[in-house]
Amino acid sequence: MKTDYLQKELHDLESLGLYRSLKTVHSPQAREIVLEGRRVLNFSSNDYLGLASDARIKQAAIEAIEEYGFGAGASRLICGNMDAHEKLESELAQLKKVESALVYSSGYMANTGIIPTLMDRHSVVISDKLNHASIIDGIVLSRAKLLRYPHADMEALEDVLKNLPAKQRRLIVTDTVFSMDGDKAPLKEIVDLGRRYEAMVMVDEAHAFGVLGEHGGGLVEELGLEAQVDVQMGTLSKAAGCFGAYACGTKLLREYLINKSRSFIYTTAMPPALAQAARAALRIIHHDFQLRRDLQNKADYLRAKLQVMGFDTMNSSTPIIPILIKDPSQAKVMSQHLLKRGIFVQAIRPPTVPNGTSRLRLTVTATHTQEDLDQLLNALRAL
């Protein structure tokens with residue numbers, strides 16, 4: 001049969017401990033969720049600030065549906081460009097301390113739209129080896145030459161830059177917080193190298209936006225590098241608790257993306273209710289400093305306790321806390337045992353992470369209580 005290979009490859013994945021299946025959530029995203037009909041503590045969500053079910057954001061979406069309806073009806077360049085989108089973009093630019101912003105429908109669409117727009121087959125893109133898959137896919141679509149440097153290795157990055165042909169268009173791209181390791185990019189050093197070797201710098205702030213920086217602007221804000229990073233990309237689906245993504249930078253960048261970025265041009269606009277909900281989230285992110293402090297304090301507490309227990313949390317310094325297991329089957333079994341104890345922690349295995357680095361990926365949220373953290377620690381201690 002012409003589809004026999006599908007079953008064989010699925011069987012191979014299962015035998016390697018890499019088979020995946022969907023789990024159904026029957027409740028709102030929160031510190032506790034109903035998973036497959038059972039209430040469990042949730043340590044797998046990227047809802048870092050607990051805004052996905054926040055009453056203020058829900059109310060903003062409800063009011064927007066009454067005002068705008070739901071669907072945008074067309075792409076932004078046809079008749080789907082609504083004032084809700086432009087207000088969101090203006091407020092994003094203010095929060096990110098840049099001239100302009102452009103909203104995309106998802107983080108994946110942003111990365112696969114921005115990179116091919118800026119780079120072509122005559123260009124080169126230099127990428128951290130642990131960058132998100134959407135960045136890699138964006139580079140592939142651009143047809144630019146891909147050069148990867150070992151994770152956060154600045155000597156290796158400089159060696160790559162030194163050997164590039166003169167005047168070749170070049171882009172350094174990095175996550176600012178790495179989604180599976182929970183560590184921060186050495187962004188100041190990257191920016192310095194970009195300036196020295198005349199390379200554009202693009203960052204993906206997906207897991208830093210709302211979490212880092214005085215006003216939640218991400219690692220770029222935390223380090224005061226707004227004027228030195230050429231493209232700031234990020235998502236509205238994690239700490240903001242909504243959906244969508246953005247590209248932030250100069251007005252020139254925005255106009256260029258509007259005219260050239262295929263994943264922006266050829267898709268229906270974000271529903272205006274989502275844009276209004278995101279605006280409500282931005283207000284909370286901008287003003288609620290204590291929410292970020294509480295989140296970081298809880299993450300620091302959990303990480304320190306795990307290290308005392310002998311777990312390898314790698315180089316995490318954010319609310320993403322990996323526990324390195326190495327073997328994919330063992331990581332899956334540990335995840336299953338925790339679930340039996342009423343705690344949902346997802347096992348992360350190749351190809352999401354490199355071979356030999358399977359792990360449990362814990363994520364802390366601002367809404368977790370001290371009792372939640374201690375319950376997780378006790379369950380891991382028992383294992």
# chains A, B, ... in the order shown; residues from 1 in each chain; ligands from 1
call {"tool": "residues_around", "arguments": {"residues": "A:Ala275", "least_positions_apart": "6", "cutoff": "10 Å", "atoms": "only C-alpha atoms", "output": "list in words"}}
result
Ala60, Ala61, Ala64, Met82, Asp83, Ala84, His85, Glu86, Lys87, Leu88, Glu89, Val103, Leu236, Cys242, Phe243, Gly244 and Ala281 of chain A
call {"tool": "residues_around", "arguments": {"residues": "stretch 226-228 of chain A", "least_positions_apart": "6", "cutoff": "9 Å", "atoms": "only C-alpha atoms", "output": "list in words"}}
result
Lys96, Lys97, Val98, Val191, Asp192, Arg195, Val201, Val220 and Gly249 of chain A
call {"tool": "write_last_selection", "arguments": {"atoms": "all heavy atoms", "output": "mmCIF file, in the first residue's frame"}}
result
data_model
loop_
_atom_site.group_PDB
_atom_site.id
_atom_site.type_symbol
_atom_site.label_atom_id
_atom_site.label_comp_id
_atom_site.auth_asym_id
_atom_site.auth_seq_id
_atom_site.Cartn_x
_atom_site.Cartn_y
_atom_site.Cartn_z
ATOM 1 N N LYS A 96 7.780 48.470 23.596
ATOM 2 C CA LYS A 96 9.088 47.983 23.169
ATOM 3 C C LYS A 96 10.090 49.121 22.909
ATOM 4 O O LYS A 96 11.250 48.867 22.597
ATOM 5 C CB LYS A 96 8.946 47.148 21.891
ATOM 6 C CG LYS A 96 8.123 45.877 22.064
ATOM 7 C CD LYS A 96 8.818 44.837 22.930
ATOM 8 C CE LYS A 96 9.906 44.122 22.178
ATOM 9 N NZ LYS A 96 10.562 43.078 22.989
ATOM 10 N N LYS A 97 9.637 50.369 23.034
ATOM 11 C CA LYS A 97 10.499 51.557 22.893
ATOM 12 C C LYS A 97 11.148 51.630 21.507
ATOM 13 O O LYS A 97 12.353 51.864 21.372
ATOM 14 C CB LYS A 97 11.564 51.577 23.991
ATOM 15 C CG LYS A 97 10.986 51.592 25.398
ATOM 16 C CD LYS A 97 12.076 51.519 26.444
ATOM 17 C CE LYS A 97 11.477 51.402 27.831
ATOM 18 N NZ LYS A 97 12.517 51.226 28.882
ATOM 19 N N VAL A 98 10.312 51.409 20.491
ATOM 20 C CA VAL A 98 10.776 51.499 19.105
ATOM 21 C C VAL A 98 9.795 52.369 18.313
ATOM 22 O O VAL A 98 8.749 52.772 18.824
ATOM 23 C CB VAL A 98 10.883 50.094 18.458
ATOM 24 C CG1 VAL A 98 11.965 49.271 19.141
ATOM 25 C CG2 VAL A 98 9.551 49.362 18.491
ATOM 26 N N VAL A 191 25.036 41.749 19.984
ATOM 27 C CA VAL A 191 24.849 43.078 19.396
ATOM 28 C C VAL A 191 26.200 43.721 19.076
ATOM 29 O O VAL A 191 26.386 44.332 18.009
ATOM 30 C CB VAL A 191 24.017 43.962 20.343
ATOM 31 C CG1 VAL A 191 24.122 45.434 19.958
ATOM 32 C CG2 VAL A 191 22.553 43.511 20.329
ATOM 33 N N ASP A 192 27.151 43.575 19.990
ATOM 34 C CA ASP A 192 28.490 44.139 19.749
ATOM 35 C C ASP A 192 29.130 43.508 18.510
ATOM 36 O O ASP A 192 29.732 44.218 17.679
ATOM 37 C CB ASP A 192 29.385 43.914 20.968
ATOM 38 C CG ASP A 192 28.989 44.791 22.155
ATOM 39 O OD1 ASP A 192 28.249 45.772 21.936
ATOM 40 O OD2 ASP A 192 29.403 44.485 23.287
ATOM 41 N N ARG A 195 27.458 44.796 15.312
ATOM 42 C CA ARG A 195 27.915 46.134 14.936
ATOM 43 C C ARG A 195 29.328 46.076 14.340
ATOM 44 O O ARG A 195 29.623 46.728 13.337
ATOM 45 C CB ARG A 195 27.885 47.044 16.161
ATOM 46 C CG ARG A 195 28.263 48.481 15.867
ATOM 47 C CD ARG A 195 27.971 49.407 17.041
ATOM 48 N NE ARG A 195 28.651 48.974 18.247
ATOM 49 C CZ ARG A 195 28.039 48.538 19.346
ATOM 50 N NH1 ARG A 195 26.722 48.468 19.387
ATOM 51 N NH2 ARG A 195 28.718 48.166 20.405
ATOM 52 N N VAL A 201 20.833 42.314 13.429
ATOM 53 C CA VAL A 201 20.533 41.437 14.559
ATOM 54 C C VAL A 201 19.024 41.346 14.721
ATOM 55 O O VAL A 201 18.334 42.365 14.802
ATOM 56 C CB VAL A 201 21.177 41.944 15.864
ATOM 57 C CG1 VAL A 201 20.739 41.081 17.050
ATOM 58 C CG2 VAL A 201 22.699 41.943 15.746
ATOM 59 N N VAL A 220 15.654 42.523 25.606
ATOM 60 C CA VAL A 220 16.141 43.748 24.961
ATOM 61 C C VAL A 220 15.946 44.934 25.895
ATOM 62 O O VAL A 220 16.857 45.754 26.066
ATOM 63 C CB VAL A 220 15.427 43.974 23.616
ATOM 64 C CG1 VAL A 220 15.804 45.332 23.026
ATOM 65 C CG2 VAL A 220 15.786 42.873 22.621
ATOM 66 N N GLY A 249 10.435 47.487 15.276
ATOM 67 C CA GLY A 249 11.668 48.123 14.812
ATOM 68 C C GLY A 249 11.378 49.513 14.278
ATOM 69 O O GLY A 249 10.544 50.240 14.811
#
call {"tool": "select_by_dssp", "arguments": {"residues": "stretch 167-293 of chain A", "states": "strand (DSSP E)", "output": "mmCIF file with all heavy atoms, in the first residue's frame"}}
result
data_model
loop_
_atom_site.group_PDB
_atom_site.id
_atom_site.type_symbol
_atom_site.label_atom_id
_atom_site.label_comp_id
_atom_site.auth_asym_id
_atom_site.auth_seq_id
_atom_site.Cartn_x
_atom_site.Cartn_y
_atom_site.Cartn_z
ATOM 1 N N ARG A 170 23.944 39.969 5.752
ATOM 2 C CA ARG A 170 24.068 38.994 6.828
ATOM 3 C C ARG A 170 23.142 39.335 7.992
ATOM 4 O O ARG A 170 22.880 40.515 8.280
ATOM 5 C CB ARG A 170 25.514 38.919 7.302
ATOM 6 C CG ARG A 170 26.041 40.248 7.830
ATOM 7 C CD ARG A 170 27.556 40.304 7.885
ATOM 8 N NE ARG A 170 28.165 40.268 6.563
ATOM 9 C CZ ARG A 170 29.470 40.308 6.351
ATOM 10 N NH1 ARG A 170 30.303 40.374 7.369
ATOM 11 N NH2 ARG A 170 29.951 40.286 5.131
ATOM 12 N N LEU A 171 22.646 38.308 8.637
ATOM 13 C CA LEU A 171 21.716 38.463 9.756
ATOM 14 C C LEU A 171 22.101 37.486 10.854
ATOM 15 O O LEU A 171 22.253 36.282 10.600
ATOM 16 C CB LEU A 171 20.280 38.173 9.292
ATOM 17 C CG LEU A 171 19.198 38.109 10.381
ATOM 18 C CD1 LEU A 171 18.908 39.514 10.930
ATOM 19 C CD2 LEU A 171 17.901 37.501 9.825
ATOM 20 N N ILE A 172 22.267 38.001 12.063
ATOM 21 C CA ILE A 172 22.409 37.140 13.246
ATOM 22 C C ILE A 172 21.030 37.052 13.891
ATOM 23 O O ILE A 172 20.389 38.075 14.142
ATOM 24 C CB ILE A 172 23.404 37.720 14.265
ATOM 25 C CG1 ILE A 172 24.745 38.003 13.614
ATOM 26 C CG2 ILE A 172 23.571 36.761 15.448
ATOM 27 C CD1 ILE A 172 25.691 38.819 14.501
ATOM 28 N N VAL A 173 20.571 35.832 14.165
ATOM 29 C CA VAL A 173 19.252 35.656 14.778
ATOM 30 C C VAL A 173 19.366 34.752 15.988
ATOM 31 O O VAL A 173 20.075 33.736 15.958
ATOM 32 C CB VAL A 173 18.225 35.115 13.750
ATOM 33 C CG1 VAL A 173 18.655 33.778 13.183
ATOM 34 C CG2 VAL A 173 16.829 35.023 14.364
ATOM 35 N N THR A 174 18.691 35.136 17.060
ATOM 36 C CA THR A 174 18.739 34.347 18.293
ATOM 37 C C THR A 174 17.447 34.485 19.083
ATOM 38 O O THR A 174 16.795 35.537 19.061
ATOM 39 C CB THR A 174 19.919 34.783 19.180
ATOM 40 O OG1 THR A 174 19.985 33.938 20.343
ATOM 41 C CG2 THR A 174 19.780 36.225 19.644
ATOM 42 N N ASP A 175 17.067 33.412 19.765
ATOM 43 C CA ASP A 175 16.085 33.538 20.840
ATOM 44 C C ASP A 175 16.721 34.370 21.944
ATOM 45 O O ASP A 175 17.947 34.340 22.126
ATOM 46 C CB ASP A 175 15.727 32.167 21.417
ATOM 47 C CG ASP A 175 14.848 31.345 20.503
ATOM 48 O OD1 ASP A 175 14.083 31.926 19.721
ATOM 49 O OD2 ASP A 175 14.922 30.106 20.576
ATOM 50 N N MET A 200 22.991 42.586 10.573
ATOM 51 C CA MET A 200 21.730 42.882 11.250
ATOM 52 C C MET A 200 21.538 41.882 12.391
ATOM 53 O O MET A 200 22.025 40.745 12.320
ATOM 54 C CB MET A 200 20.562 42.758 10.272
ATOM 55 C CG MET A 200 20.542 43.779 9.163
ATOM 56 S SD MET A 200 19.168 43.479 8.000
ATOM 57 C CE MET A 200 17.754 43.797 9.064
ATOM 58 N N VAL A 201 20.833 42.314 13.429
ATOM 59 C CA VAL A 201 20.533 41.437 14.559
ATOM 60 C C VAL A 201 19.024 41.346 14.721
ATOM 61 O O VAL A 201 18.334 42.365 14.802
ATOM 62 C CB VAL A 201 21.177 41.944 15.864
ATOM 63 C CG1 VAL A 201 20.739 41.081 17.050
ATOM 64 C CG2 VAL A 201 22.699 41.943 15.746
ATOM 65 N N MET A 202 18.518 40.113 14.748
ATOM 66 C CA MET A 202 17.098 39.845 14.981
ATOM 67 C C MET A 202 16.966 38.948 16.202
ATOM 68 O O MET A 202 17.723 37.990 16.365
ATOM 69 C CB MET A 202 16.472 39.150 13.761
ATOM 70 C CG MET A 202 15.039 38.701 13.994
ATOM 71 S SD MET A 202 14.341 37.912 12.505
ATOM 72 C CE MET A 202 12.830 37.204 13.202
ATOM 73 N N VAL A 203 16.010 39.275 17.069
ATOM 74 C CA VAL A 203 15.765 38.457 18.263
ATOM 75 C C VAL A 203 14.333 37.949 18.277
ATOM 76 O O VAL A 203 13.419 38.595 17.761
ATOM 77 C CB VAL A 203 16.054 39.239 19.564
ATOM 78 C CG1 VAL A 203 17.514 39.659 19.636
ATOM 79 C CG2 VAL A 203 15.131 40.450 19.708
ATOM 80 N N ASP A 204 14.171 36.785 18.874
ATOM 81 C CA ASP A 204 12.852 36.208 19.130
ATOM 82 C C ASP A 204 12.628 36.276 20.638
ATOM 83 O O ASP A 204 13.263 35.566 21.408
ATOM 84 C CB ASP A 204 12.822 34.761 18.627
ATOM 85 C CG ASP A 204 11.459 34.098 18.811
ATOM 86 O OD1 ASP A 204 10.724 34.502 19.735
ATOM 87 O OD2 ASP A 204 11.147 33.157 18.061
ATOM 88 N N VAL A 231 15.634 43.978 14.589
ATOM 89 C CA VAL A 231 14.296 43.391 14.509
ATOM 90 C C VAL A 231 13.996 42.688 15.830
ATOM 91 O O VAL A 231 14.731 41.782 16.246
ATOM 92 C CB VAL A 231 14.172 42.363 13.368
ATOM 93 C CG1 VAL A 231 12.721 41.891 13.240
ATOM 94 C CG2 VAL A 231 14.667 42.941 12.048
ATOM 95 N N GLN A 232 12.917 43.127 16.489
ATOM 96 C CA GLN A 232 12.440 42.432 17.670
ATOM 97 C C GLN A 232 11.156 41.710 17.303
ATOM 98 O O GLN A 232 10.159 42.332 16.966
ATOM 99 C CB GLN A 232 12.156 43.410 18.799
ATOM 100 C CG GLN A 232 13.359 44.148 19.327
ATOM 101 C CD GLN A 232 12.995 44.962 20.548
ATOM 102 O OE1 GLN A 232 12.440 44.453 21.517
ATOM 103 N NE2 GLN A 232 13.299 46.249 20.509
ATOM 104 N N MET A 233 11.206 40.391 17.347
ATOM 105 C CA MET A 233 10.007 39.584 17.120
ATOM 106 C C MET A 233 9.592 38.983 18.461
ATOM 107 O O MET A 233 10.424 38.747 19.340
ATOM 108 C CB MET A 233 10.308 38.495 16.085
ATOM 109 C CG MET A 233 9.200 37.468 15.881
ATOM 110 S SD MET A 233 9.423 36.086 17.024
ATOM 111 C CE MET A 233 7.853 35.226 16.807
ATOM 112 N N GLY A 234 8.323 38.750 18.632
ATOM 113 C CA GLY A 234 7.841 38.099 19.844
ATOM 114 C C GLY A 234 6.406 37.662 19.674
ATOM 115 O O GLY A 234 5.778 37.937 18.643
ATOM 116 N N THR A 235 5.883 36.993 20.687
ATOM 117 C CA THR A 235 4.521 36.465 20.602
ATOM 118 C C THR A 235 3.617 37.094 21.659
ATOM 119 O O THR A 235 4.078 37.579 22.687
ATOM 120 C CB THR A 235 4.502 34.936 20.780
ATOM 121 O OG1 THR A 235 5.015 34.605 22.076
ATOM 122 C CG2 THR A 235 5.340 34.251 19.718
ATOM 123 N N ALA A 245 1.479 37.536 17.096
ATOM 124 C CA ALA A 245 2.901 37.850 17.223
ATOM 125 C C ALA A 245 3.154 39.233 16.652
ATOM 126 O O ALA A 245 2.250 39.864 16.090
ATOM 127 C CB ALA A 245 3.734 36.804 16.498
ATOM 128 N N TYR A 246 4.395 39.694 16.790
ATOM 129 C CA TYR A 246 4.716 41.036 16.317
ATOM 130 C C TYR A 246 6.147 41.087 15.787
ATOM 131 O O TYR A 246 6.993 40.255 16.126
ATOM 132 C CB TYR A 246 4.574 42.049 17.451
ATOM 133 C CG TYR A 246 5.468 41.774 18.642
ATOM 134 C CD1 TYR A 246 6.811 42.133 18.630
ATOM 135 C CD2 TYR A 246 4.965 41.133 19.781
ATOM 136 C CE1 TYR A 246 7.639 41.866 19.699
ATOM 137 C CE2 TYR A 246 5.784 40.856 20.860
ATOM 138 C CZ TYR A 246 7.124 41.225 20.813
ATOM 139 O OH TYR A 246 7.940 40.940 21.892
ATOM 140 N N ALA A 247 6.390 42.087 14.943
ATOM 141 C CA ALA A 247 7.738 42.501 14.561
ATOM 142 C C ALA A 247 7.853 43.969 14.941
ATOM 143 O O ALA A 247 7.002 44.776 14.566
ATOM 144 C CB ALA A 247 7.969 42.319 13.069
ATOM 145 N N CYS A 248 8.885 44.313 15.686
ATOM 146 C CA CYS A 248 9.088 45.691 16.141
ATOM 147 C C CYS A 248 10.421 46.218 15.645
ATOM 148 O O CYS A 248 11.416 45.491 15.607
ATOM 149 C CB CYS A 248 9.076 45.755 17.670
ATOM 150 S SG CYS A 248 7.447 45.602 18.406
ATOM 151 N N GLY A 249 10.435 47.487 15.276
ATOM 152 C CA GLY A 249 11.668 48.123 14.812
ATOM 153 C C GLY A 249 11.378 49.513 14.278
ATOM 154 O O GLY A 249 10.544 50.240 14.811
#
call {"tool": "closest_atom_pairs", "arguments": {"of": "stretch 65-133 of chain A", "to": "stretch 254-261 of chain A", "cutoff": "9 Å", "atoms": "only C-alpha atoms", "output": "CSV"}}
result
residue,atom,partner,partner_atom,distance
A:Leu77,CA,A:Ile258,CA,8.3
A:Ser100,CA,A:Arg254,CA,6.5
A:Ala101,CA,A:Arg254,CA,6.4
A:Leu102,CA,A:Arg254,CA,6.1
A:Ala110,CA,A:Ser261,CA,9.0
A:Thr112,CA,A:Ser261,CA,9.0
A:Gly113,CA,A:Ser261,CA,5.3
A:Ile114,CA,A:Ser261,CA,6.3
A:Ile115,CA,A:Ser261,CA,8.8
A:Pro116,CA,A:Ser261,CA,7.6
A:Thr117,CA,A:Ser261,CA,5.4
A:Leu118,CA,A:Leu257,CA,8.5
call {"tool": "residues_around", "arguments": {"residues": "stretch 31-40 of chain A", "least_positions_apart": "2", "cutoff": "8 Å", "atoms": "only C-alpha atoms", "output": "short mmCIF file (atom, residue, chain, number, x, y, z; two decimals) with N, CA and C atoms, in the first residue's frame"}}
result
data_model
loop_
_atom_site.label_atom_id
_atom_site.label_comp_id
_atom_site.auth_asym_id
_atom_site.auth_seq_id
_atom_site.Cartn_x
_atom_site.Cartn_y
_atom_site.Cartn_z
N LYS A 23 -3.28 15.41 24.38
CA LYS A 23 -4.04 15.31 25.62
C LYS A 23 -5.08 16.44 25.60
N THR A 24 -6.29 16.14 26.01
CA THR A 24 -7.39 17.10 25.93
C THR A 24 -7.60 17.81 27.25
N VAL A 25 -7.61 19.14 27.20
CA VAL A 25 -7.89 19.96 28.37
C VAL A 25 -9.36 20.37 28.34
N HIS A 26 -10.06 20.19 29.46
CA HIS A 26 -11.51 20.47 29.54
C HIS A 26 -11.79 21.68 30.43
N SER A 27 -10.85 22.61 30.50
CA SER A 27 -11.00 23.76 31.40
C SER A 27 -10.20 24.92 30.84
N PRO A 28 -10.36 26.12 31.42
CA PRO A 28 -9.48 27.22 31.03
C PRO A 28 -8.04 26.92 31.42
N GLN A 29 -7.09 27.58 30.73
CA GLN A 29 -5.69 27.49 31.16
C GLN A 29 -5.55 28.17 32.51
N ASN A 42 -0.87 22.21 36.88
CA ASN A 42 -0.32 22.41 35.54
C ASN A 42 1.03 23.11 35.62
N PHE A 43 2.10 22.36 35.32
CA PHE A 43 3.44 22.93 35.24
C PHE A 43 4.00 22.81 33.83
N GLY A 50 -0.27 34.19 34.07
CA GLY A 50 -1.63 33.77 34.41
C GLY A 50 -2.70 34.62 33.76
N LEU A 339 1.99 12.54 36.60
CA LEU A 339 0.58 12.72 36.29
C LEU A 339 -0.30 11.87 37.20
N GLY A 342 -1.13 13.65 40.14
CA GLY A 342 -1.91 14.86 39.98
C GLY A 342 -1.13 16.07 39.53
N ILE A 343 0.03 15.84 38.88
CA ILE A 343 0.87 16.95 38.44
C ILE A 343 1.23 16.74 36.98
N PHE A 344 0.90 17.72 36.14
CA PHE A 344 1.16 17.61 34.71
C PHE A 344 2.45 18.34 34.37
N THR A 365 4.34 29.68 36.84
CA THR A 365 3.52 30.85 36.53
C THR A 365 3.31 31.68 37.79
N THR A 367 0.68 32.55 39.07
CA THR A 367 -0.49 32.11 39.84
C THR A 367 -0.23 30.85 40.66
N HIS A 368 0.90 30.17 40.46
CA HIS A 368 1.22 29.03 41.31
C HIS A 368 1.39 29.49 42.76
#
call {"tool": "residues_around", "arguments": {"residues": "stretch 311-327 of chain A", "least_positions_apart": "4", "cutoff": "7 Å", "atoms": "only C-alpha atoms", "output": "MDAnalysis selection string"}}
result
chainID A and resid 180:183 296 299 303 306:307 331 356:364
call {"tool": "select_by_dssp", "arguments": {"residues": "stretch 57-174 of chain A", "states": "alpha helix (DSSP H)", "output": "PyMOL selection string"}}
result
chain A and resi 57-68+83-96+107-118+133-142+154-162
call {"tool": "closest_residue", "arguments": {"among": "A:Pro351, A:Gly310, A:Gly224, A:Pro271", "to": "A:Tyr104", "atoms": "only C-alpha atoms"}}
result
A:Pro271
call {"tool": "residues_around", "arguments": {"residues": "A:Leu223", "least_positions_apart": "6", "cutoff": "12 Å", "atoms": "only C-alpha atoms", "output": "compact mmCIF listing (two decimals) with all heavy atoms, in the first residue's frame"}}
result
# COMPACT_ATOMS: atom_id res chain seq x y z
N THR A 176 15.92 35.11 22.70
CA THR A 176 16.48 35.79 23.86
C THR A 176 16.37 34.92 25.11
O THR A 176 17.26 34.92 25.95
CB THR A 176 15.80 37.15 24.11
OG1 THR A 176 14.39 36.98 24.18
CG2 THR A 176 16.15 38.13 23.00
N LYS A 184 19.26 32.61 29.07
CA LYS A 184 19.21 33.84 28.29
C LYS A 184 20.37 33.87 27.30
O LYS A 184 21.48 33.43 27.59
CB LYS A 184 19.31 35.05 29.21
CG LYS A 184 18.20 35.17 30.24
CD LYS A 184 18.46 36.36 31.16
CE LYS A 184 17.47 36.43 32.30
NZ LYS A 184 17.78 37.55 33.24
N ALA A 185 20.10 34.46 26.14
CA ALA A 185 21.16 34.67 25.15
C ALA A 185 22.13 35.74 25.65
O ALA A 185 21.71 36.69 26.34
CB ALA A 185 20.56 35.10 23.82
N PRO A 186 23.41 35.63 25.31
CA PRO A 186 24.38 36.70 25.63
C PRO A 186 24.19 37.87 24.65
O PRO A 186 25.01 38.13 23.77
CB PRO A 186 25.73 36.01 25.45
CG PRO A 186 25.49 34.94 24.44
CD PRO A 186 24.06 34.48 24.65
N LEU A 187 23.08 38.57 24.81
CA LEU A 187 22.62 39.48 23.76
C LEU A 187 23.52 40.70 23.59
O LEU A 187 23.70 41.18 22.46
CB LEU A 187 21.18 39.91 24.05
CG LEU A 187 20.49 40.69 22.95
CD1 LEU A 187 20.48 39.91 21.64
CD2 LEU A 187 19.06 41.04 23.35
N LYS A 188 24.07 41.22 24.67
CA LYS A 188 24.95 42.38 24.52
C LYS A 188 26.15 42.03 23.64
O LYS A 188 26.54 42.81 22.76
CB LYS A 188 25.41 42.89 25.88
CG LYS A 188 26.22 44.18 25.75
CD LYS A 188 26.37 44.90 27.05
CE LYS A 188 26.98 46.27 26.86
NZ LYS A 188 28.05 46.33 25.85
N GLU A 189 26.71 40.85 23.87
CA GLU A 189 27.86 40.42 23.07
C GLU A 189 27.47 40.20 21.61
O GLU A 189 28.23 40.54 20.68
CB GLU A 189 28.46 39.14 23.65
CG GLU A 189 29.13 39.33 25.01
CD GLU A 189 28.16 39.23 26.18
OE1 GLU A 189 26.93 39.25 25.94
OE2 GLU A 189 28.63 39.13 27.33
N VAL A 191 25.04 41.75 19.98
CA VAL A 191 24.85 43.08 19.40
C VAL A 191 26.20 43.72 19.08
O VAL A 191 26.39 44.33 18.01
CB VAL A 191 24.02 43.96 20.34
CG1 VAL A 191 24.12 45.43 19.96
CG2 VAL A 191 22.55 43.51 20.33
N LEU A 212 10.62 39.54 31.32
CA LEU A 212 11.85 40.25 31.62
C LEU A 212 11.70 41.74 31.30
O LEU A 212 10.84 42.13 30.50
CB LEU A 212 13.02 39.68 30.80
CG LEU A 212 13.32 38.19 30.99
CD1 LEU A 212 14.48 37.77 30.09
CD2 LEU A 212 13.62 37.86 32.44
N GLY A 213 12.55 42.55 31.90
CA GLY A 213 12.51 43.99 31.66
C GLY A 213 11.63 44.69 32.68
O GLY A 213 10.66 44.12 33.20
N GLU A 214 11.95 45.95 32.95
CA GLU A 214 11.20 46.71 33.96
C GLU A 214 9.71 46.76 33.65
O GLU A 214 8.86 46.63 34.53
CB GLU A 214 11.76 48.14 34.04
CG GLU A 214 11.09 48.99 35.11
CD GLU A 214 11.62 50.41 35.17
OE1 GLU A 214 12.49 50.75 34.36
OE2 GLU A 214 11.13 51.18 36.03
N GLY A 217 9.18 44.36 28.65
CA GLY A 217 9.55 44.45 27.24
C GLY A 217 10.50 43.37 26.77
O GLY A 217 10.80 43.29 25.58
N VAL A 229 19.13 46.65 18.40
CA VAL A 229 18.59 45.42 17.81
C VAL A 229 17.72 45.82 16.62
O VAL A 229 16.79 46.62 16.77
CB VAL A 229 17.78 44.62 18.85
CG1 VAL A 229 17.09 43.44 18.19
CG2 VAL A 229 18.70 44.14 19.98
call {"tool": "closest_residue", "arguments": {"among": "A:Ser329, A:Asn355, A:Ser335, A:Ser21", "to": "A:Leu376", "atoms": "only C-alpha atoms"}}
result
A:Ser335
call {"tool": "residues_around", "arguments": {"residues": "A:Lys332", "least_positions_apart": "4", "cutoff": "7 Å", "atoms": "only C-alpha atoms", "output": "VMD selection string"}}
result
chain A and resid 328 336 347
call {"tool": "write_last_selection", "arguments": {"atoms": "N, CA, C and O atoms", "output": "compact mmCIF listing (two decimals), in the first residue's frame"}}
result
# COMPACT_ATOMS: atom_id res chain seq x y z
N PRO A 328 14.91 9.37 26.48
CA PRO A 328 13.53 9.79 26.17
C PRO A 328 12.48 8.91 26.84
O PRO A 328 11.46 9.43 27.31
N GLN A 336 4.68 10.44 33.27
CA GLN A 336 3.49 9.63 33.57
C GLN A 336 3.32 9.42 35.07
O GLN A 336 2.20 9.48 35.58
N ALA A 347 7.06 15.72 29.18
CA ALA A 347 8.38 15.23 28.78
C ALA A 347 8.72 15.78 27.40
O ALA A 347 7.91 15.70 26.48
